[in-house]
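See below for my_file_10.tsv, which holds TSV, C-alpha atoms.
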chain	number	residue	atom	x	y	z
A	6	MET	CA	0.00	0.00	0.00
A	7	LYS	CA	1.42	3.35	-1.04
A	8	GLU	CA	1.91	5.91	1.70
A	9	TYR	CA	1.80	9.68	1.24
A	10	ILE	CA	3.49	12.16	3.55
A	11	LEU	CA	2.55	15.80	4.09
A	12	LYS	CA	4.54	18.39	6.01
A	13	LEU	CA	2.75	21.30	7.72
A	14	ASN	CA	4.77	24.45	8.47
A	15	LEU	CA	2.87	26.29	11.19
A	16	TYR	CA	3.31	29.21	13.55
A	17	GLN	CA	1.33	30.32	16.61
A	18	PRO	CA	1.93	33.61	18.48
A	19	PHE	CA	0.46	31.98	21.59
A	20	ALA	CA	-0.56	28.40	22.35
A	21	HIS	CA	-1.80	26.30	25.24
A	22	TYR	CA	-1.90	22.51	24.80
A	23	ARG	CA	-3.83	21.21	27.73
A	24	GLU	CA	-3.21	17.72	29.05
A	25	PRO	CA	-6.63	16.00	29.35
A	26	LYS	CA	-5.71	14.28	32.61
A	27	VAL	CA	-5.06	17.63	34.32
A	28	MET	CA	-8.20	18.91	35.99
A	29	GLN	CA	-9.25	22.52	35.54
A	30	ASP	CA	-7.72	24.15	38.59
A	31	ASP	CA	-6.25	27.47	39.64
A	32	TYR	CA	-3.04	26.60	37.76
A	33	ILE	CA	-3.21	24.78	34.42
A	34	PRO	CA	0.09	23.72	32.81
A	35	THR	CA	0.62	23.25	29.09
A	36	LEU	CA	2.26	20.43	27.20
A	37	ASN	CA	5.35	21.60	25.33
A	38	ILE	CA	4.12	19.83	22.19
A	39	PRO	CA	0.48	19.14	21.24
A	40	SER	CA	-0.69	15.54	21.62
A	41	PRO	CA	-1.37	13.40	18.51
A	42	THR	CA	-5.14	13.61	19.13
A	43	THR	CA	-4.99	17.42	19.34
A	44	ILE	CA	-3.25	17.53	15.96
A	45	ALA	CA	-5.64	14.96	14.47
A	46	GLY	CA	-8.57	17.07	15.68
A	47	MET	CA	-7.19	20.15	13.91
A	48	VAL	CA	-6.69	18.23	10.65
A	49	SER	CA	-10.19	16.77	10.80
A	50	TYR	CA	-11.67	20.22	11.51
A	51	VAL	CA	-9.78	21.95	8.68
A	52	ALA	CA	-10.66	19.20	6.19
A	53	ASP	CA	-14.25	19.13	7.52
A	54	LYS	CA	-14.26	15.35	7.51
A	55	LYS	CA	-14.43	12.54	10.04
A	56	PHE	CA	-11.84	10.19	8.55
A	57	ASP	CA	-12.72	6.50	8.23
A	58	SER	CA	-9.09	5.40	8.41
A	59	PRO	CA	-6.56	6.97	10.79
A	60	PHE	CA	-3.45	8.79	9.63
A	61	ASN	CA	-0.18	8.79	11.55
A	62	ILE	CA	1.52	11.86	12.96
A	63	GLY	CA	5.03	13.10	13.69
A	64	VAL	CA	5.72	16.50	15.22
A	65	CYS	CA	8.59	18.82	16.09
A	66	CYS	CA	7.78	21.96	18.08
A	67	LYS	CA	9.88	24.75	19.52
A	68	TYR	CA	8.89	27.97	21.26
A	69	LYS	CA	10.61	31.12	22.45
A	70	THR	CA	9.27	31.48	26.00
A	71	LYS	CA	6.68	30.12	28.41
A	72	ASP	CA	4.50	32.69	30.19
A	73	ILE	CA	1.60	32.74	32.64
A	74	HIS	CA	-1.75	34.21	31.58
A	75	PHE	CA	-4.78	34.46	33.82
A	76	ILE	CA	-8.53	34.70	33.46
A	77	ARG	CA	-11.41	34.95	35.88
A	78	GLY	CA	-13.48	31.87	36.43
A	79	GLU	CA	-15.90	30.22	38.81
A	80	ASP	CA	-14.82	27.34	41.03
A	81	SER	CA	-15.49	23.80	39.82
A	82	GLU	CA	-18.65	23.46	41.94
A	83	PHE	CA	-20.15	26.78	40.84
A	84	TYR	CA	-22.64	25.43	38.31
A	85	SER	CA	-23.90	22.56	40.49
A	86	LYS	CA	-24.47	25.01	43.36
A	87	TYR	CA	-26.30	27.35	41.01
A	88	LEU	CA	-28.60	24.54	39.83
A	89	LYS	CA	-29.52	23.79	43.43
A	90	GLN	CA	-30.36	27.45	44.00
A	91	LYS	CA	-32.36	27.56	40.80
A	92	LYS	CA	-34.34	24.50	41.83
A	93	LYS	CA	-35.25	26.30	45.03
A	94	LYS	CA	-36.14	29.37	42.91
A	95	ARG	CA	-33.99	31.60	45.06
A	96	LEU	CA	-31.79	33.37	42.51
A	97	SER	CA	-31.48	33.98	38.80
A	98	TYR	CA	-28.19	33.03	37.12
A	99	ILE	CA	-27.04	36.65	36.95
A	100	ASP	CA	-27.90	37.33	40.59
A	101	TYR	CA	-26.21	34.13	41.71
A	102	LYS	CA	-23.10	34.78	39.62
A	103	PHE	CA	-22.47	38.19	41.08
A	104	THR	CA	-23.13	37.14	44.65
A	105	LYS	CA	-20.23	34.68	44.39
A	106	SER	CA	-16.61	35.73	44.23
A	107	ASN	CA	-14.75	34.68	41.08
A	108	ARG	CA	-11.40	32.97	41.27
A	109	ILE	CA	-8.30	33.62	39.18
A	110	MET	CA	-7.23	30.79	36.84
A	111	ASN	CA	-3.60	30.77	35.68
A	112	PHE	CA	-2.66	29.20	32.35
A	113	GLU	CA	0.80	28.35	31.10
A	114	VAL	CA	1.09	29.75	27.59
A	115	LEU	CA	3.80	29.15	24.99
A	116	GLN	CA	4.91	32.15	22.90
A	117	ASP	CA	6.28	32.24	19.35
A	118	VAL	CA	5.56	28.60	18.63
A	119	GLU	CA	6.96	26.96	15.48
A	120	LEU	CA	5.48	23.61	14.53
A	121	THR	CA	6.58	21.11	11.93
A	122	ILE	CA	3.93	18.42	11.60
A	123	PHE	CA	4.24	15.30	9.46
A	124	LEU	CA	1.18	13.34	8.35
A	125	LYS	CA	1.41	9.82	6.91
A	126	ILE	CA	-1.70	8.92	4.92
A	127	ASN	CA	-2.43	5.67	3.08
A	128	ASN	CA	-5.43	6.95	1.14
A	129	ARG	CA	-4.90	9.14	-1.95
A	130	GLU	CA	-8.31	10.78	-1.63
A	131	ASP	CA	-7.68	11.77	2.01
A	132	PHE	CA	-4.18	12.95	1.11
A	133	GLU	CA	-5.49	15.30	-1.59
A	134	LEU	CA	-8.32	16.55	0.65
A	135	ILE	CA	-6.00	17.42	3.55
A	136	LYS	CA	-3.46	19.05	1.24
A	137	LYS	CA	-6.07	21.24	-0.48
A	138	SER	CA	-7.75	22.08	2.82
A	139	PHE	CA	-4.54	23.61	4.20
A	140	GLU	CA	-3.63	25.29	0.91
A	141	ASN	CA	-6.99	27.07	0.82
A	142	PRO	CA	-8.56	26.74	4.26
A	143	LYS	CA	-12.27	27.42	4.51
A	144	ARG	CA	-12.15	27.35	8.29
A	145	TYR	CA	-10.29	29.36	10.88
A	146	LEU	CA	-7.06	27.50	11.69
A	147	VAL	CA	-6.58	26.83	15.41
A	148	LEU	CA	-4.56	24.34	17.45
A	149	GLY	CA	-5.17	23.92	21.18
A	150	ARG	CA	-7.68	26.48	22.43
A	151	LYS	CA	-10.11	28.30	20.13
A	152	GLU	CA	-8.12	31.52	20.49
A	153	ASP	CA	-4.79	29.89	19.59
A	154	PHE	CA	-4.85	30.59	15.86
A	155	VAL	CA	-2.41	29.11	13.33
A	156	VAL	CA	-0.68	30.71	10.33
A	157	LYS	CA	2.11	29.70	7.96
A	158	ASN	CA	5.59	29.72	9.43
A	159	LYS	CA	7.38	32.75	8.00
A	160	ASN	CA	10.51	30.63	7.42
A	161	ALA	CA	8.64	28.29	5.05
A	162	ASN	CA	7.57	28.82	1.46
A	163	LYS	CA	4.29	26.96	1.86
A	164	ILE	CA	1.98	26.03	4.71
A	165	VAL	CA	1.72	22.45	3.40
A	166	GLU	CA	4.13	20.38	1.28
A	167	ASP	CA	4.09	16.93	-0.29
A	168	ILE	CA	7.36	15.36	0.95
A	169	THR	CA	6.57	11.72	0.20
A	170	GLU	CA	9.87	11.27	-1.63
A	171	LYS	CA	11.96	13.26	0.86
A	172	ILE	CA	11.62	11.06	3.95
A	173	LYS	CA	14.31	8.51	4.72
A	174	VAL	CA	14.34	5.81	7.40
A	175	ILE	CA	17.54	5.95	9.48
A	176	ASN	CA	18.68	2.96	11.51
A	177	ILE	CA	21.08	4.32	14.12
A	178	LYS	CA	23.39	1.57	15.43
A	179	ASN	CA	25.57	3.49	17.88
A	180	LYS	CA	26.21	6.96	19.30
A	181	PRO	CA	29.41	7.66	17.26
A	182	MET	CA	27.36	7.08	14.09
A	183	ALA	CA	24.70	9.55	15.31
A	184	ILE	CA	27.30	12.19	16.25
A	185	LYS	CA	29.23	11.80	12.99
A	186	ASN	CA	26.08	12.24	10.89
A	187	LYS	CA	24.54	14.90	13.19
A	188	TYR	CA	21.52	12.71	13.89
A	189	LYS	CA	20.30	14.68	16.91
A	190	ILE	CA	16.79	14.27	18.31
A	191	LYS	CA	15.24	17.47	19.67
A	192	ASN	CA	11.95	19.36	20.08
A	193	THR	CA	9.87	16.23	19.63
A	194	TYR	CA	8.21	13.25	21.29
A	195	VAL	CA	9.94	9.86	21.29
A	196	PRO	CA	7.52	6.94	21.85
A	197	VAL	CA	8.53	4.48	24.58
A	198	ASP	CA	6.96	1.16	25.52
A	199	LEU	CA	7.34	0.70	29.27
A	200	GLN	CA	5.87	-2.83	29.00
A	201	ASP	CA	8.39	-3.99	26.40
A	202	ARG	CA	10.16	-7.17	27.54
A	203	ASP	CA	13.18	-6.17	25.45
A	204	TYR	CA	13.50	-2.96	27.44
A	205	ASP	CA	17.20	-2.12	27.48
A	206	SER	CA	19.77	0.56	28.29
A	207	ASN	CA	18.81	2.52	25.19
A	208	ASN	CA	15.35	3.12	26.66
A	209	ASP	CA	16.99	4.22	29.91
A	210	GLU	CA	19.02	6.74	27.94
A	211	ILE	CA	15.87	8.11	26.27
A	212	LEU	CA	14.13	8.44	29.65
A	213	ARG	CA	17.12	10.29	31.09
A	214	SER	CA	17.12	12.68	28.13
A	215	GLY	CA	13.65	14.15	28.61
A	216	VAL	CA	10.33	14.17	30.45
A	217	LEU	CA	7.99	11.17	30.38
A	218	TYR	CA	4.34	11.81	29.53
A	219	ASP	CA	1.27	9.61	29.27
A	220	ILE	CA	-0.89	11.43	26.74
A	221	PRO	CA	-3.69	10.66	24.25
A	222	SER	CA	-2.42	9.04	21.06
A	223	ILE	CA	-5.52	7.97	19.15
A	224	TYR	CA	-9.29	7.60	19.45
A	225	LYS	CA	-10.32	3.98	20.01
A	226	ASP	CA	-13.22	4.44	17.59
A	227	ILE	CA	-12.58	7.29	15.17
A	228	LYS	CA	-16.04	6.90	13.64
A	229	ALA	CA	-17.86	7.53	16.92
A	230	ASP	CA	-19.42	10.86	17.82
A	231	LYS	CA	-17.15	13.23	19.69
A	232	THR	CA	-19.05	12.81	22.96
A	233	ASN	CA	-18.75	9.01	22.78
A	234	ARG	CA	-15.16	8.62	21.59
A	235	GLU	CA	-12.67	7.01	23.94
A	236	LEU	CA	-9.00	7.92	24.02
A	237	SER	CA	-6.08	5.52	23.99
A	238	HIS	CA	-3.00	6.79	25.83
A	239	SER	CA	0.65	6.10	25.05
A	240	ASN	CA	3.96	6.93	26.70
A	241	TYR	CA	6.24	9.53	25.14
A	242	VAL	CA	9.44	11.23	26.22
A	243	TYR	CA	9.53	14.93	25.42
A	244	ILE	CA	12.98	15.95	24.17
A	245	ASP	CA	13.60	19.71	24.40
A	246	ASN	CA	15.83	21.95	22.30
A	247	SER	CA	18.99	20.64	24.00
A	248	GLY	CA	18.36	17.29	22.32
A	249	TYR	CA	20.44	14.13	22.44
A	250	TYR	CA	22.32	11.77	20.13
A	251	PRO	CA	20.63	8.34	20.30
A	252	SER	CA	22.70	5.19	20.78
A	253	LYS	CA	20.41	3.14	18.57
A	254	GLY	CA	16.95	3.08	17.10
A	255	GLU	CA	14.99	3.66	13.92
A	256	PHE	CA	14.05	7.25	13.14
A	257	LEU	CA	12.66	9.18	10.19
A	258	LEU	CA	14.79	11.85	8.56
A	259	TYR	CA	13.45	14.77	6.57
A	260	GLU	CA	16.57	15.25	4.47
A	261	ASP	CA	16.03	18.85	3.39
A	262	GLN	CA	16.31	20.17	6.95
A	263	MET	CA	17.94	17.28	8.87
A	264	ILE	CA	14.84	16.86	11.06
A	265	LEU	CA	14.59	13.54	12.92
A	266	TYR	CA	11.30	12.28	14.32
A	267	ASN	CA	9.13	9.20	14.96
A	268	TRP	CA	5.59	8.28	14.02
A	269	LEU	CA	3.64	8.66	17.23
A	270	VAL	CA	0.80	6.18	16.89
A	271	LYS	CA	1.98	2.59	17.01
A	272	ASP	CA	0.67	0.20	14.35
A	273	VAL	CA	-1.84	2.70	12.91
A	274	ILE	CA	-0.30	2.34	9.48
A	275	ASN	CA	2.07	-0.53	8.70
Just give me the structure of the file as structure tokens.
Amino acid sequence: MKEYILKLNLYQPFAHYREPKVMQDDYIPTLNIPSPTTIAGMVSYVADKKFDSPFNIGVCCKYKTKDIHFIRGEDSEFYSKYLKQKKKKRLSYIDYKFTKSNRIMNFEVLQDVELTIFLKINNREDFELIKKSFENPKRYLVLGRKEDFVVKNKNANKIVEDITEKIKVINIKNKPMAIKNKYKIKNTYVPVDLQDRDYDSNNDEILRSGVLYDIPSIYKDIKADKTNRELSHSNYVYIDNSGYYPSKGEFLLYEDQMILYNWLVKDVIN
């Protein structure tokens, strides 16, 4: 089966990629890189299609700074308390809202975000649809929150490119080979399988090189309605801009810019 690969060159002035497992609290951190499901949601929204077959995703993301923004908000029990008051016919929503003190919610926000997203698609029709949808978007491009809009990266010629023939699989056998060829992993997620029986020192090196996350990787049933879809989680190590030279492993290389990455959803497309 032929595979097609698209590259998205994106920029966001501000972005917040919320981790679903983190409850809405007074302080809400951001992921440094959006999860695969967040990216898949953006692609589905822009293409205005619920895809029958999943596509795989690779991503590299760097940002200039991380800041704290704040908004006013009610506490988590506000609405349930209001419903009780309403049932007793004591207060209207407006009256109840202004009799309660609002809290301040702090959000971590990334600034000057540059994203390189790779999409592997095994369906020509879907490939053409996604490509045309980003070339001439009919919908407002966002990634993360609704206010976190997306535009073309100023350092790229196009917002979307067909790079099917420009991706090479690199099998790194040792660290000297990686250093010699400048095969450095940075600003990306590296998938790790903590249940792997062949777990070895190379995995230990990956874990020591970044931060381990358990984040959504794919919807269990992509055809289900949004309210009924269940998420499957996978383990990833976030590698920051410092990067590391891997001792071994199979990675994908975008030759034009020496970008190394992995596909993030295991066994989606063989």
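Nearest to Asn246 in chain A of all the residues A:Lys69, A:Lys157, A:His21, A:Lys54 is A:Lys69, counting all atoms listed in the file.
Reported to one decimal place, the separation of CA of Tyr50 in chain A from CA of Ile264 in chain A is 26.7 Å.
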Long-range neighbours of Ser40 in chain A as a tab-separated table (two decimals) with C-alpha atoms, in the coordinates of the input, 9 Å cut-off, all atoms listed in the file, 4 positions minimum in chain:
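part.tsv was written with the following content:
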chain	number	residue	atom	x	y	z
A	22	TYR	CA	-1.90	22.51	24.80
A	23	ARG	CA	-3.83	21.21	27.73
A	24	GLU	CA	-3.21	17.72	29.05
A	36	LEU	CA	2.26	20.43	27.20
A	44	ILE	CA	-3.25	17.53	15.96
A	45	ALA	CA	-5.64	14.96	14.47
A	220	ILE	CA	-0.89	11.43	26.74
A	221	PRO	CA	-3.69	10.66	24.25
A	222	SER	CA	-2.42	9.04	21.06
Check: Which residue gives the smallest distance to Leu258 in chain A among A:Ile190, A:Leu11, A:Leu124, A:Val147, with all atoms listed in the file counted?
Finding: A:Ile190
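For the pair CA of Ile172 in chain A and CA of Lys55 in chain A, the separation is 26.8 Å.
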Item checked: Given all atoms listed in the file as the counted atoms, nearest of A:Lys185, A:His238, A:Lys180, A:Lys67 to Ile38 in chain A -> A:Lys67
Box dimensions and centre (Å, one decimal) enclosing range 179-191 of chain A, axis-aligned, 8 Å extra per side, as JSON:
{"center_x": 22.3, "center_y": 10.5, "center_z": 15.3, "size_x": 30.2, "size_y": 30.0, "size_z": 24.8}
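The gap separating CA of Val197 in chain A from CA of Leu269 in chain A is 9.8 Å, in Å to one decimal.
For the choices A:Met182, A:Ala52, A:Val195, A:Ile10, the atom-to-atom distance to Val216 in chain A is smallest for A:Val195 when using all atoms listed in the file.
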For Pro41 in chain A, work out the shell of residues within 12 Å, counting all atoms listed in the file and skipping chain neighbours fewer than 3 positions away, then give it as a PDB file with C-alpha atoms, in the frame of the given file.
ATOM      1  CA  TYR A  22      -1.900  22.510  24.800  1.00  0.00           C
ATOM      2  CA  GLU A  24      -3.210  17.720  29.050  1.00  0.00           C
ATOM      3  CA  LEU A  36       2.260  20.430  27.200  1.00  0.00           C
ATOM      4  CA  ILE A  38       4.120  19.830  22.190  1.00  0.00           C
ATOM      5  CA  ILE A  44      -3.250  17.530  15.960  1.00  0.00           C
ATOM      6  CA  ALA A  45      -5.640  14.960  14.470  1.00  0.00           C
ATOM      7  CA  GLY A  46      -8.570  17.070  15.680  1.00  0.00           C
ATOM      8  CA  MET A  47      -7.190  20.150  13.910  1.00  0.00           C
ATOM      9  CA  VAL A  48      -6.690  18.230  10.650  1.00  0.00           C
ATOM     10  CA  PRO A  59      -6.560   6.970  10.790  1.00  0.00           C
ATOM     11  CA  PHE A  60      -3.450   8.790   9.630  1.00  0.00           C
ATOM     12  CA  ASN A  61      -0.180   8.790  11.550  1.00  0.00           C
ATOM     13  CA  ILE A  62       1.520  11.860  12.960  1.00  0.00           C
ATOM     14  CA  GLY A  63       5.030  13.100  13.690  1.00  0.00           C
ATOM     15  CA  VAL A  64       5.720  16.500  15.220  1.00  0.00           C
ATOM     16  CA  CYS A  65       8.590  18.820  16.090  1.00  0.00           C
ATOM     17  CA  ILE A 122       3.930  18.420  11.600  1.00  0.00           C
ATOM     18  CA  PHE A 123       4.240  15.300   9.460  1.00  0.00           C
ATOM     19  CA  LEU A 124       1.180  13.340   8.350  1.00  0.00           C
ATOM     20  CA  LEU A 148      -4.560  24.340  17.450  1.00  0.00           C
ATOM     21  CA  GLY A 149      -5.170  23.920  21.180  1.00  0.00           C
ATOM     22  CA  THR A 193       9.870  16.230  19.630  1.00  0.00           C
ATOM     23  CA  TYR A 194       8.210  13.250  21.290  1.00  0.00           C
ATOM     24  CA  PRO A 196       7.520   6.940  21.850  1.00  0.00           C
ATOM     25  CA  ASP A 219       1.270   9.610  29.270  1.00  0.00           C
ATOM     26  CA  ILE A 220      -0.890  11.430  26.740  1.00  0.00           C
ATOM     27  CA  PRO A 221      -3.690  10.660  24.250  1.00  0.00           C
ATOM     28  CA  SER A 222      -2.420   9.040  21.060  1.00  0.00           C
ATOM     29  CA  ILE A 223      -5.520   7.970  19.150  1.00  0.00           C
ATOM     30  CA  TYR A 224      -9.290   7.600  19.450  1.00  0.00           C
ATOM     31  CA  LEU A 236      -9.000   7.920  24.020  1.00  0.00           C
ATOM     32  CA  SER A 237      -6.080   5.520  23.990  1.00  0.00           C
ATOM     33  CA  HIS A 238      -3.000   6.790  25.830  1.00  0.00           C
ATOM     34  CA  SER A 239       0.650   6.100  25.050  1.00  0.00           C
ATOM     35  CA  ASN A 240       3.960   6.930  26.700  1.00  0.00           C
ATOM     36  CA  TYR A 241       6.240   9.530  25.140  1.00  0.00           C
ATOM     37  CA  ASN A 267       9.130   9.200  14.960  1.00  0.00           C
ATOM     38  CA  TRP A 268       5.590   8.280  14.020  1.00  0.00           C
ATOM     39  CA  LEU A 269       3.640   8.660  17.230  1.00  0.00           C
ATOM     40  CA  VAL A 270       0.800   6.180  16.890  1.00  0.00           C
ATOM     41  CA  LYS A 271       1.980   2.590  17.010  1.00  0.00           C
TER      42      LYS A 271
END
